[in-house]
Amino acid sequence: GFRVAPFKAQNMANQAGVTEDGLEMPRAQILQARACRIAPHVDMGPVLMKPVTATSAEVIVLGRPAGQREARDYFRDTSELRALAVAALDRLAGRFDVIVMEGAGSPVELNLLARDFANLVPARRLGAAIVLVVDIDKGGVFAQAKGTLELLPAEDRGVPEARCETHPR
C-alpha cells in the first residue's frame with residue numbers, strides 16, 4: 001500500500017537507459033523503479049557520470065548531457081549538482097511515501113566529505129536511517145565497517161549500538 005521509489009543522487013556507470021520521455025538515466029535506477037512498479041524518472045538518478053577515460057566522464061544531469069569533465073574539475077565545486085540532486089529528491093519525496101536511497105562509495109571519505117552529495121546529504125535531508133552494507137568476499141570488510149562507523153559524524157549515528165545481520169546469497 002506504500003508508494004515506493006528509488007533514489008541515487010550520483011551514479012558512476014556506463015550502464016544507462018532511456019526513459020519514456022527520451023531522457024537518459026542510470027540503468028540500476030530504471031530496474032529499481034520497475035521493481036517498485038513505477039515508471040522510471042530522471043529524478044531517481046539525477047546525476048550520471050559515464051566514464052570516458054581513467055580521469056574523465058561524460059556528465060548527464062537530469063537526463064541531458066552536460067559535457068565531459070575531468071575528475072579534478074568535477075570535484076572542484078559540486079554545489080550546483082548537489083542543489084539539483086536535492087531538488088530531485090524533494091520532488092520524489094513529495095510524490096512517494098518511501099524513498100529507498102542508495103549511496104555511492106564510502107560515506108566517510110574525509111577528503112571528499114565536504115563535496116559529497118551522494119551519501120549523507122540525502123539521508124540527512126529526509127531524516128533516513130543509514131544502513132551500512134558490506135561484502136565479506138571483498139576482503140578487509142571488518143576493518144572497513146569499523147572504520148566507517150568510527151569516522152561517521154556523530155549527527156549521523158542515530159542508533160546507539162550497531163546491529164550485525166548476515167544474509168546468505
# chains A, B, ... in the order shown; residues from 1 in each chain; ligands from 1
>>> residues_around(residues="Tyr74 in chain A", least_positions_apart="5", cutoff="12 Å", atoms="only C-alpha atoms", output="PyMOL selection string")
chain A and resi 47+49+55-59+66-69+79-82+112+115-116
>>> closest_residue(among="A:Leu31, A:Ala71, A:Val100, A:Val141", to="Thr53 in chain A", atoms="only C-alpha atoms")
A:Ala71
>>> closest_residue(among="A:Gly17, A:Pro51, A:Pro26, A:Gly94", to="Glu70 in chain A", atoms="only C-alpha atoms")
A:Pro51
>>> select_by_dssp(residues="range 20-161 of chain A", states="alpha helix (DSSP H)", output="VMD selection string")
chain A and resid 27 to 35 71 to 76 79 to 95 120 to 126 141 to 151
>>> residues_around(residues="Arg95 in chain A", least_positions_apart="4", cutoff="12 Å", atoms="only C-alpha atoms", output="PDB file with N, CA and C atoms, in the first residue's frame")
ATOM      1  N   PHE A   2       2.150   1.153   0.091  1.00  0.00           N
ATOM      2  CA  PHE A   2       3.004   2.340   0.063  1.00  0.00           C
ATOM      3  C   PHE A   2       3.463   2.622  -1.362  1.00  0.00           C
ATOM      4  N   ARG A   3       3.598   3.893  -1.669  1.00  0.00           N
ATOM      5  CA  ARG A   3       4.188   4.297  -2.946  1.00  0.00           C
ATOM      6  C   ARG A   3       5.691   4.421  -2.705  1.00  0.00           C
ATOM      7  N   VAL A   4       6.486   3.580  -3.375  1.00  0.00           N
ATOM      8  CA  VAL A   4       7.926   3.487  -3.137  1.00  0.00           C
ATOM      9  C   VAL A   4       8.691   3.869  -4.395  1.00  0.00           C
ATOM     10  N   ALA A   5       9.801   4.600  -4.208  1.00  0.00           N
ATOM     11  CA  ALA A   5      10.650   4.992  -5.337  1.00  0.00           C
ATOM     12  C   ALA A   5      12.119   4.858  -4.946  1.00  0.00           C
ATOM     13  N   PRO A   6      12.974   4.554  -5.924  1.00  0.00           N
ATOM     14  CA  PRO A   6      14.415   4.517  -5.670  1.00  0.00           C
ATOM     15  C   PRO A   6      15.044   5.894  -5.857  1.00  0.00           C
ATOM     16  N   ILE A  38       6.751   1.292 -10.880  1.00  0.00           N
ATOM     17  CA  ILE A  38       6.524   2.676 -11.308  1.00  0.00           C
ATOM     18  C   ILE A  38       7.385   2.964 -12.534  1.00  0.00           C
ATOM     19  N   HIS A  41      12.044   7.682 -13.720  1.00  0.00           N
ATOM     20  CA  HIS A  41      12.078   9.133 -13.891  1.00  0.00           C
ATOM     21  C   HIS A  41      13.474   9.620 -13.537  1.00  0.00           C
ATOM     22  N   ASP A  43      14.539  11.973 -11.906  1.00  0.00           N
ATOM     23  CA  ASP A  43      14.727  12.394 -10.516  1.00  0.00           C
ATOM     24  C   ASP A  43      15.263  11.247  -9.653  1.00  0.00           C
ATOM     25  N   MET A  44      15.095  10.019 -10.107  1.00  0.00           N
ATOM     26  CA  MET A  44      15.557   8.856  -9.343  1.00  0.00           C
ATOM     27  C   MET A  44      17.072   8.666  -9.453  1.00  0.00           C
ATOM     28  N   ALA A  88      15.718  17.147  -6.836  1.00  0.00           N
ATOM     29  CA  ALA A  88      15.129  15.916  -7.375  1.00  0.00           C
ATOM     30  C   ALA A  88      14.604  15.041  -6.241  1.00  0.00           C
ATOM     31  N   LEU A  89      15.385  14.923  -5.174  1.00  0.00           N
ATOM     32  CA  LEU A  89      14.948  14.138  -4.011  1.00  0.00           C
ATOM     33  C   LEU A  89      13.690  14.735  -3.391  1.00  0.00           C
ATOM     34  N   ASP A  90      13.652  16.048  -3.269  1.00  0.00           N
ATOM     35  CA  ASP A  90      12.465  16.707  -2.717  1.00  0.00           C
ATOM     36  C   ASP A  90      11.226  16.440  -3.570  1.00  0.00           C
ATOM     37  N   ARG A  91      11.399  16.461  -4.888  1.00  0.00           N
ATOM     38  CA  ARG A  91      10.255  16.173  -5.767  1.00  0.00           C
ATOM     39  C   ARG A  91       9.761  14.745  -5.555  1.00  0.00           C
ATOM     40  N   ILE A  99      11.189   6.429   0.110  1.00  0.00           N
ATOM     41  CA  ILE A  99      12.285   6.559  -0.840  1.00  0.00           C
ATOM     42  C   ILE A  99      13.395   5.627  -0.361  1.00  0.00           C
TER      43      ILE A  99
END
>>> residues_around(residues="Leu126 in chain A", least_positions_apart="2", cutoff="10 Å", atoms="only C-alpha atoms", output="PyMOL selection string")
chain A and resi 89-90+93+99+121-124+128-129
>>> residues_around(residues="Asn119 in chain A", least_positions_apart="3", cutoff="9 Å", atoms="only C-alpha atoms", output="VMD selection string")
chain A and resid 8 to 9 101 to 108 116 122 to 124
>>> write_last_selection(atoms="C-alpha atoms", output="compact mmCIF listing (two decimals), in the first residue's frame")
# COMPACT_ATOMS: atom_id res chain seq x y z
CA LYS A 8 20.72 7.57 -6.08
CA ALA A 9 21.97 11.15 -6.26
CA MET A 101 18.19 5.63 -1.25
CA GLU A 102 21.48 4.17 -2.37
CA GLY A 103 24.78 5.90 -1.64
CA ALA A 104 27.90 5.84 -3.77
CA GLY A 105 31.27 4.81 -2.43
CA SER A 106 32.14 5.48 1.17
CA PRO A 107 30.09 7.98 3.18
CA VAL A 108 33.15 8.95 5.26
CA ASP A 116 29.96 14.52 -1.41
CA PRO A 122 20.14 12.68 1.02
CA ALA A 123 19.88 10.68 4.26
CA ARG A 124 20.03 13.85 6.35
>>> atom_distance(atom1="CA of Thr78 in chain A", atom2="CA of Ala143 in chain A")
29.5 Å
>>> select_by_dssp(residues="range 50-160 of chain A", states="strand (DSSP E)", output="MDAnalysis selection string")
chainID A and resid 50:51 56:61 64:70 98:101
>>> atom_distance(atom1="CA of Ala118 in chain A", atom2="CA of Gln10 in chain A")
5.6 Å
>>> residues_around(residues="range 130-140 of chain A", least_positions_apart="4", cutoff="9 Å", atoms="only C-alpha atoms", output="list in words")
Leu120, Ala123, Gln144, Ala145, Thr148, Leu149, Asp156, Arg157 and Gly158 of chain A
>>> closest_residue(among="A:Ala87, A:Leu113, A:Leu151, A:Leu62", to="Asp21 in chain A", atoms="only C-alpha atoms")
A:Leu62
>>> atom_distance(atom1="CA of Glu20 in chain A", atom2="CA of Lys50 in chain A")
20.5 Å
>>> closest_residue(among="A:Ala54, A:Ala154, A:Ala114, A:Gly1", to="Arg37 in chain A", atoms="only C-alpha atoms")
A:Gly1
